[in-house]
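J.: Contents of run_13.pdb (PDB, C-alpha atoms and all ligand atoms):
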ATOM      1  CA  MET A 228       0.000   0.000   0.000  1.00  0.00           C
ATOM      2  CA  GLN A 229       1.440   3.306  -1.090  1.00  0.00           C
ATOM      3  CA  LEU A 230       0.418   5.241   2.032  1.00  0.00           C
ATOM      4  CA  LEU A 231       2.153   2.729   4.311  1.00  0.00           C
ATOM      5  CA  ASP A 232       5.234   2.702   2.072  1.00  0.00           C
ATOM      6  CA  SER A 233       5.363   6.518   2.239  1.00  0.00           C
ATOM      7  CA  LEU A 234       4.998   6.529   6.021  1.00  0.00           C
ATOM      8  CA  ARG A 235       7.771   3.907   6.332  1.00  0.00           C
ATOM      9  CA  GLY A 236      10.019   6.015   4.076  1.00  0.00           C
ATOM     10  CA  GLU A 237       9.322   9.105   6.197  1.00  0.00           C
ATOM     11  CA  HIS A 238      10.311   7.104   9.297  1.00  0.00           C
ATOM     12  CA  VAL A 239      13.762   6.520   7.770  1.00  0.00           C
ATOM     13  CA  LEU A 240      14.454  10.255   7.516  1.00  0.00           C
ATOM     14  CA  ILE A 241      12.869  11.036  10.894  1.00  0.00           C
ATOM     15  CA  GLU A 242      15.018   8.345  12.499  1.00  0.00           C
ATOM     16  CA  ARG A 243      18.186   9.795  10.956  1.00  0.00           C
ATOM     17  CA  ALA A 244      17.143  13.277  12.079  1.00  0.00           C
ATOM     18  CA  VAL A 245      16.776  11.994  15.672  1.00  0.00           C
ATOM     19  CA  GLY A 246      20.412  10.858  15.435  1.00  0.00           C
ATOM     20  CA  ALA A 247      21.424  14.217  13.956  1.00  0.00           C
ATOM     21  CA  LEU A 248      19.635  16.072  16.772  1.00  0.00           C
ATOM     22  CA  HIS A 249      21.528  13.900  19.250  1.00  0.00           C
ATOM     23  CA  THR A 250      24.850  14.820  17.601  1.00  0.00           C
ATOM     24  CA  TYR A 251      23.891  18.501  17.538  1.00  0.00           C
ATOM     25  CA  ALA A 252      22.822  18.527  21.218  1.00  0.00           C
ATOM     26  CA  SER A 253      25.992  16.631  22.224  1.00  0.00           C
ATOM     27  CA  ARG A 254      28.094  19.190  20.359  1.00  0.00           C
ATOM     28  CA  ARG A 255      26.278  22.083  22.033  1.00  0.00           C
ATOM     29  CA  ALA A 256      26.763  20.475  25.448  1.00  0.00           C
ATOM     30  CA  SER A 257      30.503  20.334  24.653  1.00  0.00           C
ATOM     31  CA  GLY A 258      30.484  23.903  23.295  1.00  0.00           C
ATOM     32  CA  LEU A 259      31.274  22.634  19.789  1.00  0.00           C
ATOM     33  CA  ALA A 260      28.199  23.639  17.759  1.00  0.00           C
ATOM     34  CA  SER A 261      26.793  27.005  16.913  1.00  0.00           C
ATOM     35  CA  ALA A 262      23.182  27.727  17.775  1.00  0.00           C
ATOM     36  CA  GLU A 263      22.021  28.422  14.248  1.00  0.00           C
ATOM     37  CA  ASP A 264      20.728  24.943  13.406  1.00  0.00           C
ATOM     38  CA  GLY A 265      18.514  24.699  16.480  1.00  0.00           C
ATOM     39  CA  ALA A 266      15.610  26.454  14.792  1.00  0.00           C
ATOM     40  CA  ALA A 267      16.028  24.225  11.724  1.00  0.00           C
ATOM     41  CA  PHE A 268      15.732  21.096  13.892  1.00  0.00           C
ATOM     42  CA  LEU A 269      12.615  22.556  15.454  1.00  0.00           C
ATOM     43  CA  ARG A 270      11.081  23.199  12.017  1.00  0.00           C
ATOM     44  CA  PHE A 271      11.891  19.656  10.891  1.00  0.00           C
ATOM     45  CA  PHE A 272      10.282  17.970  13.886  1.00  0.00           C
ATOM     46  CA  ARG A 273       7.317  20.361  14.093  1.00  0.00           C
ATOM     47  CA  LEU A 274       6.452  20.634  10.422  1.00  0.00           C
ATOM     48  CA  TYR A 275       7.705  17.446   8.797  1.00  0.00           C
ATOM     49  CA  ALA A 276       7.499  14.875  11.627  1.00  0.00           C
ATOM     50  CA  GLY A 277       4.452  16.508  13.276  1.00  0.00           C
ATOM     51  CA  ARG A 278       2.283  18.496  10.900  1.00  0.00           C
ATOM     52  CA  PHE A 279       2.939  16.249   7.904  1.00  0.00           C
ATOM     53  CA  HIS A 280       3.822  12.736   9.114  1.00  0.00           C
ATOM     54  CA  HIS A 281       1.956  12.286  12.422  1.00  0.00           C
ATOM     55  CA  ALA A 282      -1.001  14.202  11.010  1.00  0.00           C
ATOM     56  CA  ARG A 283      -1.451  11.818   8.051  1.00  0.00           C
ATOM     57  CA  GLU A 284      -1.364   8.900  10.451  1.00  0.00           C
ATOM     58  CA  GLU A 285      -4.026  10.556  12.609  1.00  0.00           C
ATOM     59  CA  GLN A 286      -6.195  11.887   9.801  1.00  0.00           C
ATOM     60  CA  VAL A 287      -5.979   9.123   7.194  1.00  0.00           C
ATOM     61  CA  LEU A 288      -4.565   5.865   8.554  1.00  0.00           C
ATOM     62  CA  PHE A 289      -6.182   5.727  12.002  1.00  0.00           C
ATOM     63  CA  PRO A 290      -9.712   6.672  10.818  1.00  0.00           C
ATOM     64  CA  ALA A 291      -9.525   4.110   7.976  1.00  0.00           C
ATOM     65  CA  LEU A 292      -8.575   1.390  10.469  1.00  0.00           C
ATOM     66  CA  VAL A 293     -11.472   2.383  12.708  1.00  0.00           C
ATOM     67  CA  GLU A 294     -14.148   2.958  10.081  1.00  0.00           C
ATOM     68  CA  ARG A 295     -13.244   0.218   7.612  1.00  0.00           C
ATOM     69  CA  THR A 296     -11.613  -2.555   9.666  1.00  0.00           C
ATOM     70  CA  GLU A 297     -13.310  -2.118  13.056  1.00  0.00           C
ATOM     71  CA  ALA A 298     -10.122  -1.372  14.987  1.00  0.00           C
ATOM     72  CA  PRO A 299     -11.097   0.399  18.228  1.00  0.00           C
ATOM     73  CA  ALA A 300     -10.032   4.028  18.640  1.00  0.00           C
ATOM     74  CA  ASP A 301     -10.713   4.319  22.361  1.00  0.00           C
ATOM     75  CA  ARG A 302      -8.209   1.725  23.608  1.00  0.00           C
ATOM     76  CA  GLY A 303      -5.236  -0.365  22.483  1.00  0.00           C
ATOM     77  CA  PRO A 304      -2.623   0.575  19.867  1.00  0.00           C
ATOM     78  CA  LEU A 305      -4.419   3.529  18.244  1.00  0.00           C
ATOM     79  CA  LEU A 306      -5.033   5.258  21.564  1.00  0.00           C
ATOM     80  CA  VAL A 307      -1.467   4.543  22.728  1.00  0.00           C
ATOM     81  CA  LEU A 308       0.047   5.876  19.496  1.00  0.00           C
ATOM     82  CA  LEU A 309      -2.173   8.972  19.503  1.00  0.00           C
ATOM     83  CA  GLN A 310      -1.245   9.731  23.106  1.00  0.00           C
ATOM     84  CA  ALA A 311       2.424   9.294  22.141  1.00  0.00           C
ATOM     85  CA  HIS A 312       2.043  11.936  19.389  1.00  0.00           C
ATOM     86  CA  HIS A 313       0.679  14.346  21.993  1.00  0.00           C
ATOM     87  CA  ALA A 314       3.366  13.475  24.557  1.00  0.00           C
ATOM     88  CA  MET A 315       6.114  14.007  21.973  1.00  0.00           C
ATOM     89  CA  GLY A 316       4.563  17.352  21.041  1.00  0.00           C
ATOM     90  CA  ARG A 317       4.859  18.397  24.681  1.00  0.00           C
ATOM     91  CA  MET A 318       8.498  17.246  24.790  1.00  0.00           C
ATOM     92  CA  LEU A 319       9.145  19.406  21.737  1.00  0.00           C
ATOM     93  CA  ASP A 320       7.540  22.347  23.574  1.00  0.00           C
ATOM     94  CA  GLU A 321      10.144  21.876  26.305  1.00  0.00           C
ATOM     95  CA  LEU A 322      12.946  21.677  23.750  1.00  0.00           C
ATOM     96  CA  GLU A 323      11.774  24.720  21.804  1.00  0.00           C
ATOM     97  CA  PRO A 324      13.276  27.528  23.914  1.00  0.00           C
ATOM     98  CA  LEU A 325      16.589  25.687  24.189  1.00  0.00           C
ATOM     99  CA  LEU A 326      16.742  25.091  20.435  1.00  0.00           C
ATOM    100  CA  GLN A 327      15.903  28.700  19.635  1.00  0.00           C
ATOM    101  CA  ARG A 328      18.312  30.471  21.951  1.00  0.00           C
ATOM    102  CA  ALA A 329      21.821  31.321  20.824  1.00  0.00           C
ATOM    103  CA  ASP A 330      23.401  31.502  24.275  1.00  0.00           C
ATOM    104  CA  LEU A 331      22.975  28.582  26.602  1.00  0.00           C
ATOM    105  CA  SER A 332      24.619  28.211  29.965  1.00  0.00           C
ATOM    106  CA  ALA A 333      26.456  24.937  30.561  1.00  0.00           C
ATOM    107  CA  GLY A 334      23.469  23.722  32.591  1.00  0.00           C
ATOM    108  CA  GLU A 335      21.012  24.645  29.840  1.00  0.00           C
ATOM    109  CA  ALA A 336      23.124  22.883  27.213  1.00  0.00           C
ATOM    110  CA  GLU A 337      23.107  19.760  29.389  1.00  0.00           C
ATOM    111  CA  ARG A 338      19.339  20.055  29.682  1.00  0.00           C
ATOM    112  CA  LEU A 339      19.078  20.372  25.889  1.00  0.00           C
ATOM    113  CA  LEU A 340      21.018  17.114  25.537  1.00  0.00           C
ATOM    114  CA  ALA A 341      18.905  15.322  28.155  1.00  0.00           C
ATOM    115  CA  LEU A 342      15.651  16.477  26.520  1.00  0.00           C
ATOM    116  CA  ALA A 343      16.923  15.597  23.038  1.00  0.00           C
ATOM    117  CA  ARG A 344      17.662  12.063  24.292  1.00  0.00           C
ATOM    118  CA  ARG A 345      14.244  11.758  25.896  1.00  0.00           C
ATOM    119  CA  TYR A 346      12.396  13.062  22.836  1.00  0.00           C
ATOM    120  CA  GLY A 347      14.552  11.049  20.416  1.00  0.00           C
ATOM    121  CA  GLY A 348      14.155   7.876  22.464  1.00  0.00           C
ATOM    122  CA  ALA A 349      10.377   8.279  22.540  1.00  0.00           C
ATOM    123  CA  LEU A 350      10.257   8.912  18.793  1.00  0.00           C
ATOM    124  CA  LEU A 351      12.410   5.874  17.956  1.00  0.00           C
ATOM    125  CA  HIS A 352      10.300   3.588  20.171  1.00  0.00           C
ATOM    126  CA  HIS A 353       7.202   4.995  18.491  1.00  0.00           C
ATOM    127  CA  ILE A 354       8.617   4.324  15.022  1.00  0.00           C
ATOM    128  CA  ASP A 355       9.552   0.749  16.026  1.00  0.00           C
ATOM    129  CA  ALA A 356       5.993   0.124  17.250  1.00  0.00           C
ATOM    130  CA  GLU A 357       4.467   1.504  14.062  1.00  0.00           C
ATOM    131  CA  ASN A 358       6.818  -0.305  11.683  1.00  0.00           C
ATOM    132  CA  SER A 359       6.692  -3.678  13.410  1.00  0.00           C
ATOM    133  CA  VAL A 360       3.099  -3.760  14.678  1.00  0.00           C
ATOM    134  CA  LEU A 361       0.772  -1.065  13.369  1.00  0.00           C
ATOM    135  CA  PHE A 362       1.790  -1.081   9.712  1.00  0.00           C
ATOM    136  CA  THR A 363       2.089  -4.863   9.370  1.00  0.00           C
ATOM    137  CA  GLU A 364      -1.295  -5.409  11.036  1.00  0.00           C
ATOM    138  CA  SER A 365      -2.796  -2.585   8.933  1.00  0.00           C
ATOM    139  CA  GLU A 366      -1.665  -4.273   5.732  1.00  0.00           C
ATOM    140  CA  THR A 367      -3.427  -7.493   6.702  1.00  0.00           C
ATOM    141  CA  ARG A 368      -6.625  -5.729   7.735  1.00  0.00           C
ATOM    142  CA  PHE A 369      -6.811  -3.508   4.649  1.00  0.00           C
ATOM    143  CA  ARG A 370      -6.151  -6.467   2.355  1.00  0.00           C
ATOM    144  CA  ARG A 371      -8.963  -8.393   4.036  1.00  0.00           C
ATOM    145  CA  ALA A 372     -11.260  -5.362   3.676  1.00  0.00           C
ATOM    146  CA  GLY A 373     -10.377  -5.060  -0.037  1.00  0.00           C
ATOM    147  CA  ILE A 374      -8.705  -1.658   0.372  1.00  0.00           C
ATOM    148  CA  ALA A 375      -5.772  -1.263  -2.019  1.00  0.00           C
ATOM    149  CA  ASP A 376      -4.778   2.267  -1.070  1.00  0.00           C
ATOM    150  CA  LEU A 377      -5.883   5.358   0.803  1.00  0.00           C
ATOM    151  CA  PRO A 378      -5.829   8.889  -0.573  1.00  0.00           C
ATOM    152  CA  ALA A 379      -3.303  11.033   1.276  1.00  0.00           C
ATOM    153  CA  ARG A 380      -1.920  14.453   0.561  1.00  0.00           C
ATOM    154  CA  GLY A 381       1.733  15.247  -0.168  1.00  0.00           C
ATOM    155  CA  PRO A 382       3.766  17.740   1.829  1.00  0.00           C
ATOM    156  CA  ASP A 383       2.982  21.441   1.385  1.00  0.00           C
ATOM    157  CA  ALA A 384       5.740  23.961   0.634  1.00  0.00           C
ATOM    158  CA  GLU A 385       6.702  24.521   4.287  1.00  0.00           C
ATOM    159  CA  GLU A 386       6.722  20.804   5.032  1.00  0.00           C
ATOM    160  CA  SER A 387       8.860  20.093   1.941  1.00  0.00           C
ATOM    161  CA  ALA A 388      11.299  22.795   2.981  1.00  0.00           C
ATOM    162  CA  ALA A 389      11.441  21.283   6.473  1.00  0.00           C
ATOM    163  CA  ARG A 390      12.166  17.836   4.958  1.00  0.00           C
ATOM    164  CA  ASP A 391      15.024  19.322   2.870  1.00  0.00           C
ATOM    165  CA  GLU A 392      16.379  20.993   5.998  1.00  0.00           C
ATOM    166  CA  GLY A 393      16.245  17.598   7.727  1.00  0.00           C
ATOM    167  CA  GLU A 394      18.414  16.091   4.974  1.00  0.00           C
ATOM    168  CA  ARG A 395      20.869  18.962   5.311  1.00  0.00           C
ATOM    169  CA  LEU A 396      20.981  18.632   9.104  1.00  0.00           C
ATOM    170  CA  CYS A 397      21.802  14.916   8.783  1.00  0.00           C
ATOM    171  CA  ALA A 398      24.740  15.809   6.530  1.00  0.00           C
ATOM    172  CA  VAL A 399      26.050  18.554   8.826  1.00  0.00           C
ATOM    173  CA  HIS A 400      25.499  16.665  12.093  1.00  0.00           C
ATOM    174  CA  PRO A 401      26.092  12.982  11.252  1.00  0.00           C
ATOM    175  CA  PRO A 402      23.527  10.901  13.175  1.00  0.00           C
ATOM    176  CA  SER A 403      24.746   9.319  16.412  1.00  0.00           C
ATOM    177  CA  GLU A 404      23.086   6.771  18.661  1.00  0.00           C
ATOM    178  CA  ILE A 405      21.395   7.666  21.911  1.00  0.00           C
ATOM    179  CA  PRO A 406      23.332   5.781  24.611  1.00  0.00           C
ATOM    180  CA  ASP A 407      21.623   2.943  26.479  1.00  0.00           C
ATOM    181  CA  LEU A 408      18.503   3.043  24.316  1.00  0.00           C
ATOM    182  CA  LEU A 409      17.082  -0.452  23.962  1.00  0.00           C
ATOM    183  CA  ARG A 410      15.042  -0.871  20.820  1.00  0.00           C
ATOM    184  CA  GLY A 411      12.967  -3.800  19.676  1.00  0.00           C
ATOM    185  CA  ASP A 412      10.157  -4.979  17.462  1.00  0.00           C
ATOM    186  CA  GLY A 413       6.719  -6.206  18.430  1.00  0.00           C
ATOM    187  CA  CYS A 414       4.246  -5.394  21.176  1.00  0.00           C
ATOM    188  CA  THR A 415       6.408  -6.761  23.976  1.00  0.00           C
ATOM    189  CA  ALA A 416       9.053  -4.092  23.233  1.00  0.00           C
ATOM    190  CA  CYS A 417       6.481  -1.322  23.767  1.00  0.00           C
ATOM    191  CA  ASP A 418       6.261   0.522  27.105  1.00  0.00           C
ATOM    192  CA  ALA A 419       2.456   0.436  26.917  1.00  0.00           C
ATOM    193  CA  TYR A 420       2.333  -3.376  26.706  1.00  0.00           C
ATOM    194  CA  GLY A 421       0.555  -4.586  29.827  1.00  0.00           C
ATOM    195  CA  ALA A 422       0.240  -0.978  30.984  1.00  0.00           C
ATOM    196  CA  GLY A 423      -2.743   0.324  29.026  1.00  0.00           C
ATOM    197  CA  CYS A 424      -2.525  -1.960  25.992  1.00  0.00           C
ATOM    198  CA  ASP A 425      -2.711  -5.772  25.901  1.00  0.00           C
ATOM    199  CA  GLY A 426      -1.080  -6.047  22.479  1.00  0.00           C
ATOM    200  CA  VAL A 427      -2.543  -5.746  19.016  1.00  0.00           C
ATOM    201  CA  GLU A 428      -3.999  -9.266  18.831  1.00  0.00           C
ATOM    202  CA  ARG A 429      -5.921  -9.104  22.107  1.00  0.00           C
ATOM    203  CA  GLU A 430      -6.999  -5.510  21.487  1.00  0.00           C
ATOM    204  CA  TRP A 431      -8.046  -5.824  17.861  1.00  0.00           C
ATOM    205  CA  TRP A 432      -8.715  -9.372  16.782  1.00  0.00           C
ATOM    206  CA  SER A 433     -12.273 -10.619  16.534  1.00  0.00           C
ATOM    207  CA  GLU A 434     -13.278 -14.188  17.329  1.00  0.00           C
ATOM    208  CA  HIS A 435     -13.245 -14.874  13.595  1.00  0.00           C
ATOM    209  CA  GLU A 436      -9.660 -13.591  13.265  1.00  0.00           C
ATOM    210  CA  TRP A 437      -8.516 -15.816  16.139  1.00  0.00           C
ATOM    211  CA  GLU A 438     -10.185 -18.829  14.484  1.00  0.00           C
ATOM    212  CA  ASP A 439      -8.438 -17.984  11.211  1.00  0.00           C
ATOM    213  CA  PHE A 440      -5.140 -17.713  13.038  1.00  0.00           C
ATOM    214  CA  PHE A 441      -5.504 -21.085  14.744  1.00  0.00           C
ATOM    215  CA  GLU A 442      -6.568 -22.725  11.488  1.00  0.00           C
ATOM    216  CA  ARG A 443      -3.521 -21.353   9.657  1.00  0.00           C
ATOM    217  CA  ASN A 444      -1.197 -22.469  12.434  1.00  0.00           C
ATOM    218  CA  SER A 445      -2.646 -25.861  13.260  1.00  0.00           C
TER     219      SER A 445
HETATM  220 FE    FE B   1       2.950   7.974  14.774  1.00  0.00          FE
HETATM  221 FE    FE B   2       4.952   7.345  12.193  1.00  0.00          FE
END
Write the structure described by the file as structure tokens, please.
T.:
Amino acid sequence: MQLLDSLRGEHVLIERAVGALHTYASRRASGLASAEDGAAFLRFFRLYAGRFHHAREEQVLFPALVERTEAPADRGPLLVLLQAHHAMGRMLDELEPLLQRADLSAGEAERLLALARRYGGALLHHIDAENSVLFTESETRFRRAGIADLPARGPDAEESAARDEGERLCAVHPPSEIPDLLRGDGCTACDAYGAGCDGVEREWWSEHEWEDFFERNS
């Protein structure tokens, strides 16, 4: 499905930009980077990751799953992922003043790095959950519902410019890994598993889907 392929492709750039933000924040904490790219990072994550990418998930993918495949919106993966979009937006609010200011004290630069790690870690976990659970399950459900594709808009001029800035930022600040971040695929790697979400199968599958599953695996 083209929409899911596009969203997966966007994840690749967003993931690299998380690494670039980590490099940038590490450099600022060591006094090695100028402040000028801070606003560009903010534009990338606000406009490209948020207003373009998360918004198409919320406005096109999630409603199609609810309306056309009977996935529940009020619990399970869709609620968890929606809440994560909001939580990451709030983390970006905290980062905003630190990314926009030219002069940071040593303590503020350390805080920038800590917040960049927290935001980046949350975003990478979110991407892992979508790639390994949401998108794979969506493909199955849409195929079963006879839906070949979903109409989705492309980026507007500001969002395209933010994407190009993201590419530039990745070249200037080569992506680095967030230390001690454990990543993994599947529901069991998700923080919400057993704490608000019982996993995609228990949350979404109907009796008929379970019967199908057991038949295929018996
Ligand atoms: Fe998302
Ligand atoms: Fe996503």
J.: Spell out the residues picked by the PyMOL selection byres (((not hetatm)) within 8 of (chain B and resi 1)) here, as JSON, numbers by chain.
T.: {"A": [280, 281, 284, 285, 308, 309, 311, 312, 353, 354, 357]}
J.: Would you mind telling me which residue in A:His313, A:Arg345, A:Arg410, A:His400 lies nearest to Arg273 in chain A when using all atoms listed in the file?
T.: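 Among the listed residues, A:His313 lies closest to Arg273 in chain A.
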J.: Distance table requested - range 232-252 of chain A against range 323-326 of chain A, cut-off 12 Å, all atoms listed in the file: one row per qualifying residue with the closest atom pair and its distance in Å to one decimal, ordered by chain and rising residue number, as a tab-separated table.
T.:
residue	atom	partner	partner_atom	distance
A:Leu248	CA	A:Leu326	CA	10.2
A:Tyr251	CA	A:Leu326	CA	10.1
A:Ala252	CA	A:Leu326	CA	9.0
J.: Residues at most 12 Å from Asp391 in chain A, counting all atoms listed in the file, excluding those fewer than 4 positions away in the same chain, as a ChimeraX atom specification?
T.: /A:240-241,244,267-268,270-271,274-275,382,384-387,395-398
J.: Using only C-alpha atoms and all ligand atoms, which of the listed residues (A:Pro304, A:Pro378, A:Gly236, A:Gly316) sits closest to ligand FE 2 (chain B)?
T.: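 Going through A:Pro304, A:Pro378, A:Gly236, A:Gly316 one by one, the smallest distance to ligand FE 2 (chain B) is for A:Gly236.
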J.: When the PyMOL selection byres (((chain A and resi 335-339) around 9) and not hetatm) is applied to the file above, which residues end up in the set, as a PyMOL selection string?
T.: chain A and resi 252-253+255-258+322+325-326+331-334+340-344
J.: Give me a file of those residues, with C-alpha atoms, as a PDB file, in the coordinates of the input.
T.:
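The resulting again-v1.pdb:
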ATOM      1  CA  ALA A 252      22.822  18.527  21.218  1.00  0.00           C
ATOM      2  CA  SER A 253      25.992  16.631  22.224  1.00  0.00           C
ATOM      3  CA  ARG A 255      26.278  22.083  22.033  1.00  0.00           C
ATOM      4  CA  ALA A 256      26.763  20.475  25.448  1.00  0.00           C
ATOM      5  CA  SER A 257      30.503  20.334  24.653  1.00  0.00           C
ATOM      6  CA  GLY A 258      30.484  23.903  23.295  1.00  0.00           C
ATOM      7  CA  LEU A 322      12.946  21.677  23.750  1.00  0.00           C
ATOM      8  CA  LEU A 325      16.589  25.687  24.189  1.00  0.00           C
ATOM      9  CA  LEU A 326      16.742  25.091  20.435  1.00  0.00           C
ATOM     10  CA  LEU A 331      22.975  28.582  26.602  1.00  0.00           C
ATOM     11  CA  SER A 332      24.619  28.211  29.965  1.00  0.00           C
ATOM     12  CA  ALA A 333      26.456  24.937  30.561  1.00  0.00           C
ATOM     13  CA  GLY A 334      23.469  23.722  32.591  1.00  0.00           C
ATOM     14  CA  LEU A 340      21.018  17.114  25.537  1.00  0.00           C
ATOM     15  CA  ALA A 341      18.905  15.322  28.155  1.00  0.00           C
ATOM     16  CA  LEU A 342      15.651  16.477  26.520  1.00  0.00           C
ATOM     17  CA  ALA A 343      16.923  15.597  23.038  1.00  0.00           C
ATOM     18  CA  ARG A 344      17.662  12.063  24.292  1.00  0.00           C
TER      19      ARG A 344
END
J.: Ranking A:Phe279, A:Gln229, A:Gly393, A:Gly423 by minimum distance to Ile374 in chain A and counting all atoms listed in the file, which one comes first?
T.: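 Of all the options, A:Gln229 lies closest to Ile374 in chain A.
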J.: Taking all atoms listed in the file into account, which of A:Gly421, A:Leu305, A:Phe440, A:Ser365 comes nearest Asp232 in chain A?
T.: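 When distances to Asp232 in chain A are compared using all atoms listed in the file, the smallest one comes from A:Ser365.
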J.: Using only C-alpha atoms, find the one residue out of A:Glu430, A:Ala282, A:Glu263, A:His435 that sits nearest to Ala300 in chain A.
T.: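 Result for the nearest residue to Ala300 in chain A: A:Glu430.
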J.: Which one is closest to Ala276 in chain A: A:Leu350, A:Leu292, A:Ala247, A:Leu377? Count only C-alpha atoms.
T.: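 Looking at the shortest contact to Ala276 in chain A, the residue is A:Leu350.
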J.: Kindly give the distance, in Å, that separates CA of Phe272 in chain A and CA of Pro401 in chain A, rounded to a single decimal.
T.: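 Separation between CA of Phe272 in chain A and CA of Pro401 in chain A: 16.8 Å.
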J.: CA of Ala314 in chain A and CA of Gly246 in chain A, how far apart in Å?
T.: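 Between CA of Gly246 in chain A and CA of Ala314 in chain A the gap works out to 19.5 Å.
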